[in-house]
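J.: What follows is coords.txt, compact mmCIF, C-alpha atoms.
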# COMPACT_ATOMS: atom_id res chain seq x y z
CA MET A 81 6.29 -24.79 -8.72
CA ALA A 82 8.80 -22.00 -9.24
CA ASP A 83 7.88 -20.44 -12.58
CA PHE A 84 10.12 -17.52 -11.71
CA THR A 85 13.83 -18.01 -11.06
CA VAL A 86 14.78 -17.42 -7.45
CA THR A 87 17.67 -14.97 -7.33
CA GLU A 88 19.55 -13.16 -4.61
CA ARG A 89 17.33 -10.19 -5.32
CA ASN A 90 13.84 -11.68 -5.35
CA ARG A 91 14.41 -14.43 -2.77
CA VAL A 92 12.07 -14.05 0.23
CA ARG A 93 14.41 -13.73 3.20
CA ARG A 94 12.23 -13.31 6.28
CA ALA A 95 9.92 -16.29 6.81
CA PRO A 96 11.11 -17.97 3.58
CA LYS A 97 8.35 -20.57 3.84
CA ARG A 98 5.92 -17.82 2.92
CA GLY A 99 7.73 -17.16 -0.36
CA GLN A 100 6.02 -18.24 -3.56
CA TYR A 101 7.45 -18.07 -7.04
CA ASP A 102 4.70 -19.44 -9.24
CA ARG A 103 2.96 -17.49 -11.96
CA LYS A 104 -0.54 -18.35 -10.75
CA THR A 105 -0.02 -16.87 -7.28
CA VAL A 106 1.81 -13.79 -8.56
CA HIS A 107 -0.84 -13.09 -11.21
CA ALA A 108 -3.73 -13.56 -8.78
CA ILE A 109 -2.29 -11.01 -6.34
CA LEU A 110 -1.48 -8.50 -9.07
CA ASP A 111 -4.94 -8.89 -10.61
CA GLU A 112 -6.66 -8.11 -7.32
CA GLY A 113 -4.76 -4.93 -6.52
CA LEU A 114 -5.06 -1.47 -8.01
CA ILE A 115 -2.29 0.51 -6.32
CA CYS A 116 1.37 -0.42 -6.14
CA HIS A 117 4.29 1.33 -4.49
CA VAL A 118 7.24 1.98 -6.81
CA ALA A 119 10.71 2.74 -5.49
CA TYR A 120 13.65 4.15 -7.40
CA VAL A 121 16.90 5.92 -6.66
CA ILE A 122 17.96 9.41 -7.72
CA ASP A 123 21.33 10.71 -6.54
CA GLY A 124 21.47 7.94 -3.95
CA GLN A 125 18.13 8.98 -2.44
CA PRO A 126 15.30 6.44 -2.37
CA PHE A 127 11.87 7.58 -3.50
CA VAL A 128 8.68 5.60 -3.04
CA ILE A 129 5.44 6.60 -4.72
CA PRO A 130 1.97 5.04 -4.77
CA THR A 131 0.52 4.67 -8.24
CA ALA A 132 -2.04 2.63 -10.13
CA TYR A 133 -0.86 -0.36 -12.17
CA TRP A 134 -2.29 -3.20 -14.21
CA ARG A 135 -1.07 -6.54 -15.50
CA ASP A 136 -1.29 -7.87 -19.03
CA GLY A 137 0.33 -11.23 -19.68
CA ASP A 138 3.83 -11.28 -18.29
CA HIS A 139 4.13 -7.52 -17.83
CA VAL A 140 3.02 -4.95 -15.31
CA TYR A 141 2.13 -1.53 -16.65
CA LEU A 142 2.36 1.90 -15.08
CA HIS A 143 1.14 5.16 -16.46
CA GLY A 144 1.29 8.79 -15.51
CA SER A 145 2.05 12.29 -16.57
CA ALA A 146 4.97 12.44 -18.98
CA ALA A 147 6.37 15.14 -16.68
CA SER A 148 6.28 13.03 -13.50
CA ARG A 149 9.51 12.14 -11.78
CA THR A 150 8.45 8.50 -11.49
CA MET A 151 7.59 8.18 -15.18
CA ARG A 152 10.84 9.86 -16.15
CA ALA A 153 12.80 7.58 -13.82
CA GLY A 154 11.19 4.57 -15.48
CA GLU A 155 11.76 5.93 -18.96
CA ARG A 156 15.42 6.56 -18.19
CA GLY A 157 15.80 2.88 -17.34
CA LEU A 158 16.46 3.32 -13.63
CA GLU A 159 16.17 0.19 -11.52
CA LEU A 160 12.70 -0.07 -10.03
CA SER A 161 11.31 -2.05 -7.15
CA LEU A 162 7.56 -2.44 -7.07
CA ALA A 163 5.34 -3.78 -4.29
CA VAL A 164 1.68 -4.77 -4.28
CA THR A 165 0.27 -5.56 -0.86
CA LEU A 166 -3.18 -6.94 -0.04
CA LEU A 167 -3.99 -6.98 3.67
CA ASP A 168 -6.23 -9.89 4.66
CA GLY A 169 -6.22 -9.89 8.43
CA ILE A 170 -4.79 -8.88 11.77
CA VAL A 171 -3.47 -11.93 13.60
CA MET A 172 -3.96 -11.76 17.36
CA ALA A 173 -1.64 -14.15 19.20
CA ARG A 174 -1.27 -15.01 22.90
CA SER A 175 1.98 -13.03 23.07
CA GLY A 176 2.77 -9.69 21.48
CA PHE A 177 5.72 -11.26 19.71
CA HIS A 178 3.59 -13.66 17.67
CA HIS A 179 1.06 -11.07 16.56
CA SER A 180 1.17 -10.84 12.81
CA LEU A 181 -0.70 -9.84 9.69
CA ASN A 182 -2.29 -12.00 7.06
CA TYR A 183 -1.43 -10.65 3.65
CA ARG A 184 -0.60 -11.44 0.06
CA SER A 185 2.16 -9.39 -1.47
CA VAL A 186 4.25 -9.28 -4.62
CA ILE A 187 7.64 -7.63 -4.93
CA MET A 188 9.21 -7.19 -8.32
CA TYR A 189 12.48 -5.75 -9.57
CA GLY A 190 13.66 -4.60 -12.94
CA THR A 191 13.82 -1.78 -15.41
CA ALA A 192 10.88 -0.46 -17.36
CA THR A 193 10.44 -0.01 -21.08
CA LEU A 194 8.62 2.96 -22.55
CA VAL A 195 5.56 1.85 -24.50
CA SER A 196 6.00 4.19 -27.45
CA ASP A 197 4.26 2.51 -30.38
CA PRO A 198 0.93 4.40 -30.57
CA VAL A 199 -1.24 1.34 -31.24
CA THR A 200 0.33 -0.67 -28.41
CA LYS A 201 0.17 2.32 -26.10
CA GLU A 202 -3.51 2.99 -26.73
CA ALA A 203 -4.31 -0.72 -26.34
CA ALA A 204 -2.49 -0.73 -23.00
CA LEU A 205 -4.43 2.28 -21.71
CA ASP A 206 -7.68 0.73 -22.91
CA LYS A 207 -6.79 -2.48 -21.13
CA PHE A 208 -6.43 -0.58 -17.88
CA MET A 209 -9.76 1.25 -18.26
CA ASP A 210 -11.61 -1.95 -19.05
CA ARG A 211 -9.90 -3.75 -16.19
CA VAL A 212 -11.37 -1.14 -13.82
CA ALA A 213 -14.82 -1.23 -15.45
CA PRO A 214 -15.35 -3.61 -18.39
CA GLY A 215 -16.74 -1.73 -21.38
CA ARG A 216 -15.75 1.67 -20.02
CA VAL A 217 -13.52 2.54 -23.00
CA ALA A 218 -16.44 2.32 -25.42
CA GLU A 219 -18.55 4.62 -23.22
CA CYS A 220 -16.04 7.43 -22.73
CA ARG A 221 -14.98 10.30 -24.93
CA PRO A 222 -11.91 8.95 -26.79
CA ILE A 223 -8.42 10.11 -25.87
CA ASN A 224 -7.19 13.07 -27.93
CA ALA A 225 -3.74 13.75 -29.32
CA GLN A 226 -2.71 16.13 -26.56
CA GLU A 227 -3.77 13.74 -23.78
CA PHE A 228 -2.08 10.86 -25.57
CA LYS A 229 1.17 12.78 -25.75
CA ALA A 230 0.95 13.91 -22.12
CA THR A 231 0.61 10.33 -20.87
CA THR A 232 3.56 8.01 -20.41
CA VAL A 233 3.04 4.24 -20.32
CA LEU A 234 5.76 1.97 -18.98
CA SER A 235 5.96 -1.80 -18.99
CA LEU A 236 7.94 -3.90 -16.58
CA PRO A 237 8.53 -7.62 -17.20
CA LEU A 238 7.32 -10.12 -14.61
CA ASP A 239 10.60 -11.88 -14.24
CA ASP A 240 12.56 -11.00 -11.10
CA VAL A 241 9.52 -11.36 -8.88
CA SER A 242 8.27 -13.13 -5.79
CA ALA A 243 5.06 -13.41 -3.84
CA LYS A 244 4.77 -13.71 -0.08
CA VAL A 245 1.65 -14.99 1.62
CA ARG A 246 0.61 -15.44 5.23
CA SER A 247 -2.78 -16.87 6.11
CA GLY A 248 -4.44 -18.67 8.96
CA PRO A 249 -4.49 -18.39 12.75
CA PRO A 250 -1.61 -17.28 14.97
CA ILE A 251 1.35 -19.59 15.50
CA ASP A 252 2.02 -19.35 19.22
CA ASP A 253 4.63 -20.89 21.47
CA GLU A 254 3.34 -24.33 22.41
CA GLU A 255 3.12 -23.54 26.13
CA ASP A 256 1.07 -20.38 25.44
CA TYR A 257 -1.87 -22.22 23.88
CA ALA A 258 -3.24 -23.03 27.34
CA LEU A 259 -3.44 -19.33 28.31
CA PRO A 260 -6.94 -17.80 28.54
CA VAL A 261 -6.04 -15.12 25.98
CA TRP A 262 -8.38 -14.51 23.04
CA ALA A 263 -6.51 -15.44 19.89
CA GLY A 264 -7.53 -15.50 16.26
CA VAL A 265 -7.79 -13.35 13.20
CA ILE A 266 -9.60 -10.08 12.53
CA PRO A 267 -10.35 -10.27 8.81
CA VAL A 268 -9.58 -7.16 6.78
CA GLN A 269 -11.06 -6.48 3.39
CA GLN A 270 -11.18 -3.69 0.86
CA ILE A 271 -14.70 -3.10 -0.42
CA THR A 272 -16.40 -0.75 -2.84
CA GLY A 273 -19.58 1.09 -1.91
CA THR A 274 -22.56 2.50 -3.73
CA PRO A 275 -21.45 4.60 -6.73
CA GLU A 276 -21.77 8.35 -6.06
CA PRO A 277 -23.01 10.13 -9.21
CA ASP A 278 -21.32 13.38 -10.20
CA PRO A 279 -23.86 16.16 -9.47
CA ARG A 280 -23.02 17.68 -12.86
CA MET A 281 -24.33 14.72 -14.89
CA PRO A 282 -27.23 15.67 -17.20
CA ASP A 283 -30.61 14.34 -15.99
CA GLY A 284 -31.40 10.96 -17.45
CA THR A 285 -27.79 9.86 -17.98
CA PRO A 286 -28.05 6.06 -17.92
CA VAL A 287 -26.26 4.01 -15.27
CA PRO A 288 -24.42 1.28 -17.18
CA ASP A 289 -24.10 -2.26 -15.82
CA ASN A 290 -20.38 -1.83 -15.16
CA ILE A 291 -21.26 0.94 -12.66
CA ALA A 292 -24.51 -0.45 -11.26
CA ASN A 293 -22.81 -3.79 -10.61
CA PHE A 294 -19.31 -2.47 -10.06
CA LYS A 295 -16.92 -5.17 -8.91
CA PHE A 296 -13.26 -4.77 -8.27
CA MET B 981 -0.82 25.96 7.46
CA ALA B 982 2.55 24.39 6.72
CA ASP B 983 3.75 22.90 10.02
CA PHE B 984 6.38 21.00 8.05
CA THR B 985 8.98 22.82 6.00
CA VAL B 986 8.54 22.35 2.28
CA THR B 987 11.84 21.21 0.79
CA GLU B 988 12.96 20.05 -2.63
CA ARG B 989 12.56 16.51 -1.31
CA ASN B 990 9.12 16.54 0.25
CA ARG B 991 7.47 19.06 -2.11
CA VAL B 992 4.47 17.55 -3.90
CA ARG B 993 5.32 17.90 -7.59
CA ARG B 994 2.43 16.40 -9.53
CA ALA B 995 -0.85 18.20 -8.81
CA PRO B 996 0.79 20.48 -6.22
CA LYS B 997 -2.62 21.80 -5.10
CA ARG B 998 -3.18 18.39 -3.52
CA GLY B 999 -0.10 18.78 -1.33
CA GLN B 1000 -0.63 19.39 2.38
CA TYR B 1001 2.05 20.09 4.94
CA ASP B 1002 0.14 20.48 8.18
CA ARG B 1003 0.56 18.24 11.19
CA LYS B 1004 -3.17 17.55 11.59
CA THR B 1005 -3.59 16.11 8.09
CA VAL B 1006 -0.35 14.10 8.25
CA HIS B 1007 -1.19 12.66 11.67
CA ALA B 1008 -4.76 11.77 10.69
CA ILE B 1009 -3.58 9.77 7.66
CA LEU B 1010 -0.82 8.01 9.59
CA ASP B 1011 -3.20 7.15 12.42
CA GLU B 1012 -5.67 5.50 10.08
CA GLY B 1013 -3.18 3.25 8.31
CA LEU B 1014 -1.49 0.09 9.47
CA ILE B 1015 0.88 -0.81 6.65
CA CYS B 1016 3.46 1.45 5.06
CA HIS B 1017 5.90 0.83 2.24
CA VAL B 1018 9.53 1.58 3.09
CA ALA B 1019 12.16 2.09 0.42
CA TYR B 1020 15.92 2.10 0.85
CA VAL B 1021 19.00 1.68 -1.31
CA ILE B 1022 21.66 -1.02 -1.08
CA ASP B 1023 24.47 -1.01 -3.65
CA GLY B 1024 22.45 1.37 -5.82
CA GLN B 1025 19.48 -1.01 -5.92
CA PRO B 1026 16.12 0.21 -4.61
CA PHE B 1027 14.18 -2.07 -2.29
CA VAL B 1028 10.60 -1.53 -1.24
CA ILE B 1029 8.98 -3.55 1.52
CA PRO B 1030 5.52 -3.46 3.11
CA THR B 1031 5.60 -3.38 6.89
CA ALA B 1032 3.46 -2.33 9.83
CA TYR B 1033 4.11 1.04 11.46
CA TRP B 1034 2.66 3.27 14.13
CA ARG B 1035 2.91 6.91 15.10
CA ASP B 1036 3.64 8.35 18.51
CA GLY B 1037 3.94 12.13 18.72
CA ASP B 1038 6.26 13.41 16.03
CA HIS B 1039 7.77 10.04 15.18
CA VAL B 1040 6.81 7.04 13.12
CA TYR B 1041 7.95 3.66 14.42
CA LEU B 1042 8.83 0.47 12.59
CA HIS B 1043 9.65 -2.89 14.07
CA GLY B 1044 10.79 -6.23 12.82
CA SER B 1045 13.20 -9.07 13.18
CA ALA B 1046 16.66 -7.87 14.17
CA ALA B 1047 17.93 -10.01 11.27
CA SER B 1048 15.75 -8.40 8.61
CA ARG B 1049 17.36 -6.46 5.82
CA THR B 1050 14.97 -3.56 6.28
CA MET B 1051 15.64 -3.27 10.03
CA ARG B 1052 19.39 -3.47 9.44
CA ALA B 1053 19.15 -0.83 6.71
CA GLY B 1054 17.35 1.46 9.14
CA GLU B 1055 19.76 0.73 11.96
CA ARG B 1056 22.72 1.51 9.69
CA GLY B 1057 21.25 4.95 9.10
CA LEU B 1058 20.46 4.49 5.42
CA GLU B 1059 18.15 7.06 3.90
CA LEU B 1060 14.57 5.83 3.97
CA SER B 1061 11.49 6.87 2.10
CA LEU B 1062 8.20 5.77 3.58
CA ALA B 1063 4.71 5.91 2.07
CA VAL B 1064 1.29 5.40 3.64
CA THR B 1065 -1.59 5.29 1.16
CA LEU B 1066 -5.29 5.16 1.93
CA LEU B 1067 -7.48 4.54 -1.10
CA ASP B 1068 -10.87 6.27 -0.87
CA GLY B 1069 -12.39 5.96 -4.29
CA ILE B 1070 -12.19 5.30 -8.01
CA VAL B 1071 -13.01 8.45 -9.94
CA MET B 1072 -14.89 7.78 -13.17
CA ALA B 1073 -14.66 10.70 -15.59
CA ARG B 1074 -16.18 11.32 -19.02
CA SER B 1075 -12.79 10.75 -20.67
CA GLY B 1076 -10.22 8.11 -19.84
CA PHE B 1077 -7.66 10.84 -19.29
CA HIS B 1078 -9.51 12.39 -16.38
CA HIS B 1079 -10.15 9.14 -14.55
CA SER B 1080 -8.44 9.30 -11.21
CA LEU B 1081 -8.32 7.94 -7.70
CA ASN B 1082 -9.42 9.53 -4.46
CA TYR B 1083 -6.79 8.91 -1.82
CA ARG B 1084 -4.96 10.28 1.17
CA SER B 1085 -1.23 9.59 1.28
CA VAL B 1086 1.81 10.57 3.29
CA ILE B 1087 5.38 10.39 2.05
CA MET B 1088 8.23 10.88 4.46
CA TYR B 1089 12.00 10.94 4.12
CA GLY B 1090 14.80 10.62 6.61
CA THR B 1091 17.03 8.30 8.54
CA ALA B 1092 15.89 6.12 11.41
CA THR B 1093 17.22 5.86 14.92
CA LEU B 1094 17.47 2.56 16.75
CA VAL B 1095 15.29 2.57 19.86
CA SER B 1096 17.77 0.84 22.15
CA ASP B 1097 16.86 1.96 25.68
CA PRO B 1098 14.92 -1.05 27.04
CA VAL B 1099 12.22 0.98 28.80
CA THR B 1100 11.58 3.18 25.76
CA LYS B 1101 11.67 0.17 23.46
CA GLU B 1102 9.14 -1.80 25.47
CA ALA B 1103 6.88 1.25 25.77
CA ALA B 1104 7.03 1.68 21.99
CA LEU B 1105 6.08 -1.95 21.35
CA ASP B 1106 3.26 -1.68 23.90
CA LYS B 1107 2.02 1.47 22.19
CA PHE B 1108 1.73 -0.43 18.91
CA MET B 1109 -0.15 -3.36 20.47
CA ASP B 1110 -2.59 -1.07 22.22
CA ARG B 1111 -3.04 0.99 19.06
CA VAL B 1112 -4.21 -2.17 17.29
CA ALA B 1113 -6.46 -3.27 20.18
CA PRO B 1114 -6.62 -1.03 23.27
CA GLY B 1115 -5.81 -3.04 26.40
CA ARG B 1116 -4.24 -5.91 24.47
CA VAL B 1117 -0.83 -5.58 26.19
CA ALA B 1118 -2.36 -6.30 29.60
CA GLU B 1119 -4.11 -9.40 28.24
CA CYS B 1120 -1.15 -11.08 26.55
CA ARG B 1121 1.73 -13.10 27.87
CA PRO B 1122 4.51 -10.51 28.43
CA ILE B 1123 7.47 -10.32 26.07
CA ASN B 1124 10.47 -12.39 27.19
CA ALA B 1125 14.17 -11.55 27.01
CA GLN B 1126 14.81 -13.57 23.85
CA GLU B 1127 11.89 -12.03 21.97
CA PHE B 1128 12.90 -8.57 23.15
CA LYS B 1129 16.41 -9.07 21.83
CA ALA B 1130 15.19 -10.49 18.53
CA THR B 1131 13.01 -7.45 17.84
CA THR B 1132 14.36 -4.21 16.42
CA VAL B 1133 12.44 -0.98 16.89
CA LEU B 1134 13.26 2.05 14.74
CA SER B 1135 11.97 5.59 15.01
CA LEU B 1136 11.81 8.08 12.18
CA PRO B 1137 11.11 11.76 12.84
CA LEU B 1138 8.10 13.39 11.20
CA ASP B 1139 9.98 16.23 9.67
CA ASP B 1140 10.66 15.90 5.94
CA VAL B 1141 7.10 14.88 5.20
CA SER B 1142 4.12 15.75 3.05
CA ALA B 1143 0.55 14.61 2.60
CA LYS B 1144 -1.33 14.43 -0.67
CA VAL B 1145 -5.09 14.27 -0.85
CA ARG B 1146 -7.60 13.96 -3.66
CA SER B 1147 -11.31 13.89 -2.98
CA GLY B 1148 -14.53 14.66 -4.74
CA PRO B 1149 -16.01 14.05 -8.19
CA PRO B 1150 -14.11 13.96 -11.48
CA ILE B 1151 -12.77 17.17 -12.99
CA ASP B 1152 -13.65 16.90 -16.65
CA ASP B 1153 -12.99 19.12 -19.63
CA GLU B 1154 -15.77 21.70 -19.68
CA GLU B 1155 -17.15 20.56 -23.03
CA ASP B 1156 -17.35 16.95 -21.85
CA TYR B 1157 -19.87 17.62 -19.06
CA ALA B 1158 -22.72 17.53 -21.59
CA LEU B 1159 -21.86 13.97 -22.69
CA PRO B 1160 -24.25 11.21 -21.61
CA VAL B 1161 -21.44 9.31 -19.87
CA TRP B 1162 -21.93 8.11 -16.30
CA ALA B 1163 -19.46 9.97 -14.13
CA GLY B 1164 -18.86 9.92 -10.41
CA VAL B 1165 -16.97 8.11 -7.70
CA ILE B 1166 -16.95 4.48 -6.64
CA PRO B 1167 -16.12 4.69 -2.93
CA VAL B 1168 -13.44 2.30 -1.66
CA GLN B 1169 -13.04 1.41 1.97
CA GLN B 1170 -11.02 -0.99 4.07
CA ILE B 1171 -13.20 -2.78 6.62
CA THR B 1172 -12.70 -5.39 9.32
CA GLY B 1173 -15.00 -8.40 9.60
CA THR B 1174 -16.19 -10.70 12.36
CA PRO B 1175 -13.25 -11.94 14.45
CA GLU B 1176 -12.33 -15.56 13.65
CA PRO B 1177 -11.39 -17.40 16.86
CA ASP B 1178 -8.33 -19.65 16.79
CA PRO B 1179 -9.64 -23.26 16.92
CA ARG B 1180 -6.97 -24.02 19.52
CA MET B 1181 -8.38 -21.64 22.15
CA PRO B 1182 -9.48 -23.43 25.36
CA ASP B 1183 -13.27 -23.62 25.74
CA GLY B 1184 -14.64 -20.68 27.66
CA THR B 1185 -11.88 -18.24 26.79
CA PRO B 1186 -13.58 -14.86 27.17
CA VAL B 1187 -13.97 -12.51 24.21
CA PRO B 1188 -12.72 -9.13 25.43
CA ASP B 1189 -14.37 -5.88 24.37
CA ASN B 1190 -11.39 -4.90 22.21
CA ILE B 1191 -12.07 -7.98 20.06
CA ALA B 1192 -15.88 -8.08 20.25
CA ASN B 1193 -16.01 -4.42 19.24
CA PHE B 1194 -12.84 -4.34 17.19
CA LYS B 1195 -12.38 -1.03 15.41
CA PHE B 1196 -9.45 -0.04 13.29
Would you mind writing the file out in structure tokens?
T.:
Amino acid sequence: MADFTVTERNRVRRAPKRGQYDRKTVHAILDEGLICHVAYVIDGQPFVIPTAYWRDGDHVYLHGSAASRTMRAGERGLELSLAVTLLDGIVMARSGFHHSLNYRSVIMYGTATLVSDPVTKEAALDKFMDRVAPGRVAECRPINAQEFKATTVLSLPLDDVSAKVRSGPPIDDEEDYALPVWAGVIPVQQITGTPEPDPRMPDGTPVPDNIANFKF
Amino acid sequence: MADFTVTERNRVRRAPKRGQYDRKTVHAILDEGLICHVAYVIDGQPFVIPTAYWRDGDHVYLHGSAASRTMRAGERGLELSLAVTLLDGIVMARSGFHHSLNYRSVIMYGTATLVSDPVTKEAALDKFMDRVAPGRVAECRPINAQEFKATTVLSLPLDDVSAKVRSGPPIDDEEDYALPVWAGVIPVQQITGTPEPDPRMPDGTPVPDNIANFKF
């Protein structure tokens, strides 16, 4: 089920069996993550930067200070490469060579478009806030003109994209399975803890459901 | 305490107060992570790839299939940019604009060197295994000549490097602190779970301490 065209650029080269090109897998990985790593090239030099992102339909969105190098690179239409990586486990094999990681990752390529229309831009920022905590936009002090101007929003089409997934136990050499070496998977998970209230909140500030039952 | 020289390349540009250039901070972040994102440029196109890494002294090491594009890029001496990002929290402010993330990240730049001396190369691979689970090298079936040849190890000096750290509650506009909006931090943490034994292990295979009490 390749919803996305496999090209020379997005084709998964190492362990090609782990490559996946369907929308459902790509969306699910993107919708679970919060931070991506964006790479771009300036004067031949690669730069890679961690930044928050969100997905809406067939686009991934980035935002940041209008003065940031990454935002300006995107706005200028530089080629971007973007990775989202979810680590699921450490795979302990009977030989060092077959040790591995369980993970779900997405790599995408392309150029970004500046989201300049004010209505679309504010809707995109709201989408991100409510993706982090549903209903949060309605609770917060609204964005003002200066903040709006100082924030750049970029969109990147989900087009030249692939997912790569490894799961399950180690794959050892057949003759190694008889060895008395512990083998298996150490699961890895990202969790959120108990919300830590800002000490400067006025007494009696209510704790909304989206904080009390925070889920990411 | 800038152990590392601040250059035009490694200088933290956005929120420069969060930039740190001391060895202790950089090492602590690198030693807590397991996956980095490496960027490089081929024919003007940026590529970013998640991969495992480890630190030993003043170098970061990468390994992979000798046939992989990333390993070959490193071996050819292409400029690399490498990011390690640890997410610590989601910062909920009184305005959307001041929402943020708590994180510790390291960005490094430079070219890699192929670790070709067999003794040094094997020691480097052993270092990685034992960093994941102390004592694991001694428990596993040793690496064979074919596996050794098929694995590339690269080292990258910790030199052109910076750390960036945000911690603590939101920083809101002064007039917003009086608003009845819940503000604070949702802590985020990566944890490991109960080891999942490979169903193909022979009955009675012992569970060593480094698995029973796995810590990462």
J.: Within 6 Å of chain A, which residues of chain B are there when counting only C-alpha atoms? Please give them as a PyMOL selection string.
T.: chain B and resi 1020+1026-1028+1061+1074-1075+1120-1121+1149+1160+1163-1173+1175-1178+1185
J.: At what distance in Å, to one decimal, does atom CA of Ser1142 of chain B lie from atom CA of Ala1092 of chain B?
T.: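 Taking atom CA of Ala1092 of chain B and atom CA of Ser1142 of chain B, their separation equals 17.4 Å.
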J.: Mind checking which residues fall within 6 Å of Val1145 of chain B, counting all atoms listed in the file, ignoring those fewer than 3 positions away in the same chain, and posting them as a VMD selection string?
T.: chain B and resid 998 1083 to 1084
J.: Report the distance between atom CA of Leu238 of chain A and atom CA of Val140 of chain A in Å, rounded to one decimal place.
T.: 6.8 Å
J.: May I ask for the distance between atom CA of Asp289 of chain A and atom CA of Pro214 of chain A, given in Å to one decimal place?
T.: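 Going from atom CA of Asp289 of chain A over to atom CA of Pro214 of chain A, I get 9.2 Å.
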J.: I'd like the contact shell of Arg1003 of chain B - 9 Å cut-off, only C-alpha atoms, skipping same-chain residues fewer than 5 positions apart - returned as a list of chain:residue names.
T.: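 After dropping sequence-adjacent residues, the list is B:Met981, B:Ala982, B:Asp983, B:Phe984, B:Ala1008, B:Asp1038, B:Leu1138.
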J.: Which one is closest to Tyr101 of chain A: A:Asp240, A:Asn293, A:Thr150, A:Glu254? Count all atoms listed in the file.
T.: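 Between A:Asp240, A:Asn293, A:Thr150, A:Glu254, the residue approaching Tyr101 of chain A most closely is A:Asp240.
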J.: Report as AutoDock Vina command-line options the centre and the edge lengths, in Å to one decimal, of the axis-aligned box holding every listed atom of segment 1121-1134 of chain B, padded by 8 Å on each side.
T.:
--center_x 9.1 --center_y -5.8 --center_z 21.6 --size_x 30.7 --size_y 31.6 --size_z 29.7
